[in-house]
Every structure is written in structure tokens, then in C-alpha cells.
Amino acid sequence: MTTDGIGGVRVSSRMQGPGVVELLNTVEARLPVSQWTVDGLRVWPFLRIAVGSAFAVARRAIRSGTTPAAAAPGGTSRMPGARILRDVVQFSKAYVRDFSQNQSPRAKYDAVFLISTHHRRVRVRGRWLCPHSQPFLHHLRSLGATALVLERHRNGYRIPRYGRSCFLDVRQRAATKLASRRSPAPSAVKLPGVSELPALLDPVRDSRRYDEAYILATTRSLRAKADYFKSILIRTGARVGFVVCYYNLDGMAFCLACREVGIPSVDIQHGVQGPEHFAYGQWRNIPPEGYELLPSHFWCWSEAEVDTIRAWSAPVKQHTPVLGGNLWINAWKRLRDQLDDAAGLDAVREPGRIDVLYTFGLEPELPEEIRDAIQASPPSWTWWLRLHPGMAPGSLERIRAQLNGVAGGASIELDRATAAPLLSLLMRTDVHVTHYSSVTFEAAAVGVPSVIVHPIGETYYANLIDAGWATVARSGGAVCRAVERWVERRPASAGRLAIHLPEAVEIERLRELLAQPPHRA
């Protein structure tokens, strides 16, 4: 799961298990959150996302034994001049070195995408590709439509790019910072009962962040970002907006801008969208016209995600789920022979060799259960340890240092596992192991069973466990036994998880979104 939200938190031991959605539902039941407005903008969505993100950060910190620092109001922090200068230099270098791939935000386009630099995680003939947006761009071209890709900076620039884009960093930061300073203080603030929020959020242990001052500061930042995106959408004449991971301030501002311009905003599924995910599951107390900060549509991989979103969105006839499938699976089949870092993955393996893929969450730590499982594995096993693409720079070396103390006869692949295209790696994997990674979905789609190690993952993938595509193990020894059982009894391919559709259906779903008539909020 990609956690790309807002908010910060001090660690509480009460956050170790599932429960954030239950807490949020309690708030939504007891307080009139749908009535909380600042200058007419309903603010509950960014508060809910802030709380959910705080829980996610805390869980990662609990696993890594660290304490996360709280962010400044508005999801931003005051950066010293040296850091600002560094960011400008990095932006300038990436802009110049990959100049031919820079897009102009001033031309006309049918669609506008908002992605992050770390979403470019696959290399095709030396160029970095975003597997979430690129298949959409491919289909749009087949429909004769054009698209602008806006790219937020996160965890370094990945150049050269596969496909063109517009780097947002410096230009967006300057525009929104100036706008937020010039904008007048909110004149209409309606927050009935908001003073009761800190008490209900006691498990978050950072209630100072969710008071009126925080709400006003965040709203001003969000408003400035939305106005910036609106200027681009109006100038381009776009008919639809797409966003990968809407649940951060930029993503919600983009959704708001789309709504105010009168075009659909579509969140592209990139991971878990189950009922226990704070951004996708069990929203309550929704106004009849929906929330301006949520996407008007959710592009979903399967019926399970459609059902999760429809369960809360159907009564208000907003935030519509679209069964479009995981477009990258078909795209990977087209590009398979051009992918870098896939060499040798399709080679014939020795009889008796077992390949186990472990996919990390966002914690840059080798969990104790996985360390124990590696040490207990026989020499015929190879553990492929794949880092999460959203991990901070330096995480690879941190994990490598932790592996120095791991004994045992099994082989370990860290660099190749992290660099290789995921689907190419899954094609040679016997069993997938994880705490809560959404690779569990892709694994089941290509016939690879999973072992779930953490209670959060057990909650997220209850349907796959029930369907026989995943099992639960809580210790290193239990993980090894589960892997052995799966190798002996691999699931039937006829029961693979259907998270992708024929390309003709993908294109038709996209055509329907493009054909939606403009509307004004």
C-alpha cells in the first residue's frame, strides 16, 4: 500500500492493530463532519486523511522502532534556505538533462494526469515508466486524445522519462506559496462541534494538530493548490483529470479543481482499496452532493473494490466506482521484451529450486519474522527481497546492512528483486510473502499464492484468504511451513484473481469517461 497522505503523529502502542476506520466512523457518527466548512469548502476529507495517515505512519514507526516527527499545519514544513536551494538545483538539473521530455502546461489537452516521480518504477529501454498512468496514455492515443502529465517530486527524479511530463516542483511551490500568502483569511468558518474532535482522536496522541488553527491553515494551502491546478485545467481545456493516489493535499486539490472546472476526476487504483483503508472504505455522513475533495470516479481493478466504494457512495450518487481493471497487466504483456532489469528472470531453473518473493511495506526494516524465515530456509531456496518503491532514498543500503547479520543456507537477492519489473519477477516466483503489500493482488492474478504475516494484511486480504489464494503465518517457522505447503499444493490457475479485463473493455471504459458532459459544481 502506498501511504502518501498528510499529518504527523507521536507513536501510541494502541495503533498496532487495525482500527483506524472504526475510529473515523465513530467521529463521523458523533460529530456533524459533513457540515464543517471553511468558505463553503467541506474540510472533513483532509482531516480524515490526516488521521488515517497518522495511524499508518505510527504503525511503520512501531515496526522500525522510531518516532515519526509531526508535520507542520497544512502538510508542509518550513524549509531552510539551503534545502530550497538544493531542491531548485535538483529540479533544474532534471529539467535540463531530460529537456526533450518536458511538456508544456500551456497547450491544449483532452486529459490531465497527476502522478509522482516515484511512480516511475519500471524501466523500458533505459527510460523510467509509470505503470499506473502509462497504459491510460496508450489507450488515450488509440482514441485520438492527448494528455498532459503533471509530475510531483518525491524520492528523487527518475530520468530519462518514458513519455513526456511537466515537473511541478519549483513552479507549483512558488505559485501556491505566493497565493496562500496573498489570500485573505477565511470569512465564513462553520465548524460545529469541532472542539470535541481532540477527545475522540485520543488514540492518535497528537490532537493539537486537528484544531481550528490547523484546519484554517490547511484549507488556505489547499485552496492555493486547487487554484493553481484550475488555471492549468482551464488553459488546457481538459475533459477529464486522472490522479494516482488522491489522498494527499495535492491530490485532493486536484480533485477540487476538476470539480470546480466541471470535469470528472478519476483516482487510478494503485494498491489496496478495501473496507479497512481509510481513504477508500466506509465513509459515513456524506452530504447529498458528495465531497469536493474526493474524486468523482474511482478506477477499480475488480468487483471487490467496486463493492467497497459503492457501499458508501451509492446513496449519494457521487464518487462512482468504475470497473476498469489493472491496465498494467495487459501493458506489461506488450512491453515485456523491452523491459530493463528482467534479464535472466525467465531462465529455466534447476529442478527443486524454490523462489520466494518478499515485498516490503514502507518500513525500511527487515522484520524479525522474515529474518527468522530466511535463516531457517534450506539452501535450495532463494529469497527475493523487494523494497517498496515509496521508500526513502538510502533504504536499500539500510536493508543491506541488516542482512549482514542473517545466517543460513538460502540465497538472497536484494538489488535484482528491487530493480526487476514486478510482473516479470512474479512469473518466476513460487510463493509471495508479505506483511500487507498489495502485490498480493498481482500475485493472485498470475497464479502465485501469498503468505500474510501481519494482522493488517490479514484484514486487507480476507477475501483472498477465503478464496484460497493466501494463508496466514505469524512466525519465521510458520512462514517456512506455509511456503512448503504452497509449493506442494499450488492453487489451480482456473481460479486466478481477475483484476484485469480485455483491452477492448479498458478502452471502452476510458471512452465513457471522456464522453461525460461537462458540469459545474
# chains A, B, ... in the order shown; residues from 1 in each chain; ligands from 1

$ residues_around --residues "A:Lys317" --least-positions-apart "5" --cutoff "9 Å" --atoms "only C-alpha atoms" --output "ChimeraX atom specification"
/A:288-290

$ residues_around --residues "A:Glu369" --least-positions-apart "4" --cutoff "8 Å" --atoms "only C-alpha atoms" --output "PyMOL selection string"
chain A and resi 373+453+474-476+479

$ select_by_dssp --residues "stretch 44-280 of chain A" --states "strand (DSSP E)" --output "MDAnalysis selection string"
chainID A and resid 111:116 122:124 127:129 147:152 166:167 189:190 240:244 265:268

$ write_last_selection --atoms "N, CA and C atoms" --output "PDB file, in the first residue's frame"
ATOM      1  N   ALA A 111      -6.891  15.350 -21.629  1.00  0.00           N
ATOM      2  CA  ALA A 111      -6.837  14.806 -20.271  1.00  0.00           C
ATOM      3  C   ALA A 111      -5.597  15.341 -19.563  1.00  0.00           C
ATOM      4  N   VAL A 112      -5.682  15.443 -18.236  1.00  0.00           N
ATOM      5  CA  VAL A 112      -4.547  15.844 -17.418  1.00  0.00           C
ATOM      6  C   VAL A 112      -4.359  14.801 -16.324  1.00  0.00           C
ATOM      7  N   PHE A 113      -3.106  14.342 -16.156  1.00  0.00           N
ATOM      8  CA  PHE A 113      -2.765  13.357 -15.141  1.00  0.00           C
ATOM      9  C   PHE A 113      -1.919  14.019 -14.059  1.00  0.00           C
ATOM     10  N   LEU A 114      -2.092  13.566 -12.811  1.00  0.00           N
ATOM     11  CA  LEU A 114      -1.233  13.986 -11.709  1.00  0.00           C
ATOM     12  C   LEU A 114      -0.597  12.732 -11.117  1.00  0.00           C
ATOM     13  N   ILE A 115       0.737  12.618 -11.265  1.00  0.00           N
ATOM     14  CA  ILE A 115       1.463  11.478 -10.718  1.00  0.00           C
ATOM     15  C   ILE A 115       2.631  12.014  -9.894  1.00  0.00           C
ATOM     16  N   SER A 116       3.419  11.118  -9.306  1.00  0.00           N
ATOM     17  CA  SER A 116       4.628  11.491  -8.571  1.00  0.00           C
ATOM     18  C   SER A 116       5.838  10.853  -9.234  1.00  0.00           C
ATOM     19  N   VAL A 122       9.356   1.430 -13.429  1.00  0.00           N
ATOM     20  CA  VAL A 122       9.698   0.403 -14.411  1.00  0.00           C
ATOM     21  C   VAL A 122      10.548   1.061 -15.499  1.00  0.00           C
ATOM     22  N   ARG A 123      11.626   0.387 -15.897  1.00  0.00           N
ATOM     23  CA  ARG A 123      12.486   0.931 -16.953  1.00  0.00           C
ATOM     24  C   ARG A 123      12.269   0.171 -18.264  1.00  0.00           C
ATOM     25  N   VAL A 124      12.017   0.935 -19.300  1.00  0.00           N
ATOM     26  CA  VAL A 124      11.823   0.386 -20.644  1.00  0.00           C
ATOM     27  C   VAL A 124      12.897   0.988 -21.542  1.00  0.00           C
ATOM     28  N   ARG A 127      14.487   3.974 -20.003  1.00  0.00           N
ATOM     29  CA  ARG A 127      13.640   5.103 -19.624  1.00  0.00           C
ATOM     30  C   ARG A 127      12.632   4.680 -18.556  1.00  0.00           C
ATOM     31  N   TRP A 128      12.391   5.587 -17.603  1.00  0.00           N
ATOM     32  CA  TRP A 128      11.528   5.273 -16.467  1.00  0.00           C
ATOM     33  C   TRP A 128      10.057   5.491 -16.816  1.00  0.00           C
ATOM     34  N   LEU A 129       9.266   4.455 -16.547  1.00  0.00           N
ATOM     35  CA  LEU A 129       7.845   4.452 -16.901  1.00  0.00           C
ATOM     36  C   LEU A 129       6.985   4.337 -15.655  1.00  0.00           C
ATOM     37  N   ALA A 147      -2.838  14.103 -23.846  1.00  0.00           N
ATOM     38  CA  ALA A 147      -2.812  14.178 -22.383  1.00  0.00           C
ATOM     39  C   ALA A 147      -1.570  14.911 -21.899  1.00  0.00           C
ATOM     40  N   LEU A 148      -1.740  15.654 -20.820  1.00  0.00           N
ATOM     41  CA  LEU A 148      -0.655  16.315 -20.104  1.00  0.00           C
ATOM     42  C   LEU A 148      -0.416  15.555 -18.807  1.00  0.00           C
ATOM     43  N   VAL A 149       0.849  15.267 -18.503  1.00  0.00           N
ATOM     44  CA  VAL A 149       1.201  14.577 -17.267  1.00  0.00           C
ATOM     45  C   VAL A 149       1.908  15.553 -16.339  1.00  0.00           C
ATOM     46  N   LEU A 150       1.277  15.889 -15.228  1.00  0.00           N
ATOM     47  CA  LEU A 150       1.878  16.724 -14.197  1.00  0.00           C
ATOM     48  C   LEU A 150       2.567  15.807 -13.205  1.00  0.00           C
ATOM     49  N   GLU A 151       3.827  16.091 -12.870  1.00  0.00           N
ATOM     50  CA  GLU A 151       4.619  15.165 -12.077  1.00  0.00           C
ATOM     51  C   GLU A 151       5.140  15.832 -10.811  1.00  0.00           C
ATOM     52  N   ARG A 152       4.649  15.380  -9.650  1.00  0.00           N
ATOM     53  CA  ARG A 152       5.125  15.857  -8.358  1.00  0.00           C
ATOM     54  C   ARG A 152       6.468  15.212  -8.037  1.00  0.00           C
ATOM     55  N   CYS A 166       5.370  17.205 -17.184  1.00  0.00           N
ATOM     56  CA  CYS A 166       5.698  18.549 -16.709  1.00  0.00           C
ATOM     57  C   CYS A 166       6.047  18.460 -15.229  1.00  0.00           C
ATOM     58  N   PHE A 167       7.314  18.706 -14.878  1.00  0.00           N
ATOM     59  CA  PHE A 167       7.721  18.716 -13.471  1.00  0.00           C
ATOM     60  C   PHE A 167       7.058  19.902 -12.761  1.00  0.00           C
ATOM     61  N   VAL A 189     -16.499  30.544   8.507  1.00  0.00           N
ATOM     62  CA  VAL A 189     -15.994  29.333   9.136  1.00  0.00           C
ATOM     63  C   VAL A 189     -17.113  28.694   9.949  1.00  0.00           C
ATOM     64  N   LYS A 190     -17.504  27.485   9.550  1.00  0.00           N
ATOM     65  CA  LYS A 190     -18.566  26.759  10.245  1.00  0.00           C
ATOM     66  C   LYS A 190     -18.021  25.397  10.659  1.00  0.00           C
ATOM     67  N   VAL A 240     -11.106  15.576 -18.727  1.00  0.00           N
ATOM     68  CA  VAL A 240     -11.071  14.640 -17.602  1.00  0.00           C
ATOM     69  C   VAL A 240      -9.712  14.751 -16.921  1.00  0.00           C
ATOM     70  N   GLY A 241      -9.701  14.538 -15.600  1.00  0.00           N
ATOM     71  CA  GLY A 241      -8.452  14.541 -14.848  1.00  0.00           C
ATOM     72  C   GLY A 241      -8.238  13.207 -14.169  1.00  0.00           C
ATOM     73  N   PHE A 242      -7.002  12.714 -14.186  1.00  0.00           N
ATOM     74  CA  PHE A 242      -6.648  11.446 -13.548  1.00  0.00           C
ATOM     75  C   PHE A 242      -5.592  11.705 -12.484  1.00  0.00           C
ATOM     76  N   VAL A 243      -5.689  11.002 -11.366  1.00  0.00           N
ATOM     77  CA  VAL A 243      -4.714  11.157 -10.298  1.00  0.00           C
ATOM     78  C   VAL A 243      -4.344   9.781  -9.743  1.00  0.00           C
ATOM     79  N   VAL A 244      -3.051   9.580  -9.521  1.00  0.00           N
ATOM     80  CA  VAL A 244      -2.582   8.354  -8.873  1.00  0.00           C
ATOM     81  C   VAL A 244      -2.368   8.690  -7.408  1.00  0.00           C
ATOM     82  N   SER A 265     -13.010  13.757 -12.143  1.00  0.00           N
ATOM     83  CA  SER A 265     -11.691  13.441 -11.589  1.00  0.00           C
ATOM     84  C   SER A 265     -11.678  11.959 -11.272  1.00  0.00           C
ATOM     85  N   VAL A 266     -10.631  11.271 -11.696  1.00  0.00           N
ATOM     86  CA  VAL A 266     -10.582   9.810 -11.597  1.00  0.00           C
ATOM     87  C   VAL A 266      -9.350   9.385 -10.815  1.00  0.00           C
ATOM     88  N   ASP A 267      -9.552   8.721  -9.694  1.00  0.00           N
ATOM     89  CA  ASP A 267      -8.449   8.136  -8.928  1.00  0.00           C
ATOM     90  C   ASP A 267      -8.130   6.774  -9.522  1.00  0.00           C
ATOM     91  N   ILE A 268      -6.871   6.568  -9.940  1.00  0.00           N
ATOM     92  CA  ILE A 268      -6.454   5.297 -10.535  1.00  0.00           C
ATOM     93  C   ILE A 268      -5.988   4.362  -9.426  1.00  0.00           C
TER      94      ILE A 268
END

$ atom_distance --atom1 "atom CA of A:Ile412" --atom2 "atom CA of A:Leu335"
27.5 Å

$ atom_distance --atom1 "atom CA of A:Gln101" --atom2 "atom CA of A:Arg164"
4.4 Å

$ residues_around --residues "A:Ala417" --least-positions-apart "3" --cutoff "8 Å" --atoms "only C-alpha atoms" --output "list in words"
Trp384, Leu385, Arg386, Leu387, Glu413, Leu414, Ala420 and Leu425 of chain A

$ write_last_selection --atoms "all heavy atoms" --output "PDB file, in the first residue's frame"
ATOM      1  N   TRP A 384      13.860 -13.434  -2.647  1.00  0.00           N
ATOM      2  CA  TRP A 384      13.900 -12.196  -3.422  1.00  0.00           C
ATOM      3  C   TRP A 384      13.247 -11.110  -2.567  1.00  0.00           C
ATOM      4  O   TRP A 384      12.036 -11.143  -2.327  1.00  0.00           O
ATOM      5  CB  TRP A 384      13.158 -12.363  -4.746  1.00  0.00           C
ATOM      6  CG  TRP A 384      13.769 -13.407  -5.639  1.00  0.00           C
ATOM      7  CD1 TRP A 384      13.699 -14.762  -5.496  1.00  0.00           C
ATOM      8  CD2 TRP A 384      14.560 -13.170  -6.806  1.00  0.00           C
ATOM      9  NE1 TRP A 384      14.391 -15.398  -6.499  1.00  0.00           N
ATOM     10  CE2 TRP A 384      14.917 -14.438  -7.324  1.00  0.00           C
ATOM     11  CE3 TRP A 384      14.985 -12.032  -7.480  1.00  0.00           C
ATOM     12  CZ2 TRP A 384      15.695 -14.575  -8.475  1.00  0.00           C
ATOM     13  CZ3 TRP A 384      15.746 -12.165  -8.621  1.00  0.00           C
ATOM     14  CH2 TRP A 384      16.103 -13.434  -9.103  1.00  0.00           C
ATOM     15  N   LEU A 385      14.049 -10.184  -2.068  1.00  0.00           N
ATOM     16  CA  LEU A 385      13.568  -9.143  -1.158  1.00  0.00           C
ATOM     17  C   LEU A 385      13.368  -7.851  -1.940  1.00  0.00           C
ATOM     18  O   LEU A 385      14.327  -7.219  -2.377  1.00  0.00           O
ATOM     19  CB  LEU A 385      14.561  -8.934  -0.012  1.00  0.00           C
ATOM     20  CG  LEU A 385      14.960 -10.203   0.762  1.00  0.00           C
ATOM     21  CD1 LEU A 385      15.933  -9.861   1.876  1.00  0.00           C
ATOM     22  CD2 LEU A 385      13.727 -10.907   1.325  1.00  0.00           C
ATOM     23  N   ARG A 386      12.119  -7.462  -2.110  1.00  0.00           N
ATOM     24  CA  ARG A 386      11.788  -6.319  -2.955  1.00  0.00           C
ATOM     25  C   ARG A 386      11.340  -5.135  -2.101  1.00  0.00           C
ATOM     26  O   ARG A 386      10.342  -5.219  -1.379  1.00  0.00           O
ATOM     27  CB  ARG A 386      10.673  -6.696  -3.941  1.00  0.00           C
ATOM     28  CG  ARG A 386      10.298  -5.587  -4.914  1.00  0.00           C
ATOM     29  CD  ARG A 386       9.202  -6.060  -5.857  1.00  0.00           C
ATOM     30  NE  ARG A 386       8.801  -5.027  -6.810  1.00  0.00           N
ATOM     31  CZ  ARG A 386       9.421  -4.795  -7.961  1.00  0.00           C
ATOM     32  NH1 ARG A 386      10.459  -5.532  -8.312  1.00  0.00           N
ATOM     33  NH2 ARG A 386       9.002  -3.838  -8.767  1.00  0.00           N
ATOM     34  N   LEU A 387      12.061  -4.018  -2.207  1.00  0.00           N
ATOM     35  CA  LEU A 387      11.722  -2.832  -1.448  1.00  0.00           C
ATOM     36  C   LEU A 387      10.505  -2.125  -2.062  1.00  0.00           C
ATOM     37  O   LEU A 387      10.278  -2.193  -3.278  1.00  0.00           O
ATOM     38  CB  LEU A 387      12.900  -1.847  -1.409  1.00  0.00           C
ATOM     39  CG  LEU A 387      13.896  -2.039  -0.258  1.00  0.00           C
ATOM     40  CD1 LEU A 387      14.543  -3.411  -0.305  1.00  0.00           C
ATOM     41  CD2 LEU A 387      14.950  -0.930  -0.289  1.00  0.00           C
ATOM     42  N   GLU A 413      18.445 -12.310  -2.869  1.00  0.00           N
ATOM     43  CA  GLU A 413      18.520 -11.351  -3.970  1.00  0.00           C
ATOM     44  C   GLU A 413      17.830 -10.067  -3.511  1.00  0.00           C
ATOM     45  O   GLU A 413      16.624 -10.061  -3.267  1.00  0.00           O
ATOM     46  CB  GLU A 413      17.821 -11.892  -5.213  1.00  0.00           C
ATOM     47  CG  GLU A 413      18.537 -13.047  -5.884  1.00  0.00           C
ATOM     48  CD  GLU A 413      19.679 -12.577  -6.791  1.00  0.00           C
ATOM     49  OE1 GLU A 413      19.874 -11.340  -6.885  1.00  0.00           O
ATOM     50  OE2 GLU A 413      20.337 -13.431  -7.402  1.00  0.00           O
ATOM     51  N   LEU A 414      18.583  -8.999  -3.366  1.00  0.00           N
ATOM     52  CA  LEU A 414      18.021  -7.716  -2.943  1.00  0.00           C
ATOM     53  C   LEU A 414      17.992  -6.712  -4.097  1.00  0.00           C
ATOM     54  O   LEU A 414      16.939  -6.189  -4.438  1.00  0.00           O
ATOM     55  CB  LEU A 414      18.824  -7.144  -1.768  1.00  0.00           C
ATOM     56  CG  LEU A 414      18.388  -5.784  -1.225  1.00  0.00           C
ATOM     57  CD1 LEU A 414      16.961  -5.845  -0.702  1.00  0.00           C
ATOM     58  CD2 LEU A 414      19.350  -5.324  -0.122  1.00  0.00           C
ATOM     59  N   ALA A 420      13.933  -5.304 -10.660  1.00  0.00           N
ATOM     60  CA  ALA A 420      13.212  -6.044 -11.703  1.00  0.00           C
ATOM     61  C   ALA A 420      11.757  -5.608 -11.804  1.00  0.00           C
ATOM     62  O   ALA A 420      11.130  -5.241 -10.803  1.00  0.00           O
ATOM     63  CB  ALA A 420      13.275  -7.543 -11.406  1.00  0.00           C
ATOM     64  N   LEU A 425       9.136 -10.533 -12.300  1.00  0.00           N
ATOM     65  CA  LEU A 425       9.631 -11.249 -11.128  1.00  0.00           C
ATOM     66  C   LEU A 425       8.609 -12.270 -10.631  1.00  0.00           C
ATOM     67  O   LEU A 425       8.962 -13.394 -10.258  1.00  0.00           O
ATOM     68  CB  LEU A 425       9.956 -10.247 -10.023  1.00  0.00           C
ATOM     69  CG  LEU A 425      10.582 -10.779  -8.729  1.00  0.00           C
ATOM     70  CD1 LEU A 425      11.841 -11.574  -9.017  1.00  0.00           C
ATOM     71  CD2 LEU A 425      10.875  -9.618  -7.781  1.00  0.00           C
TER      72      LEU A 425
END
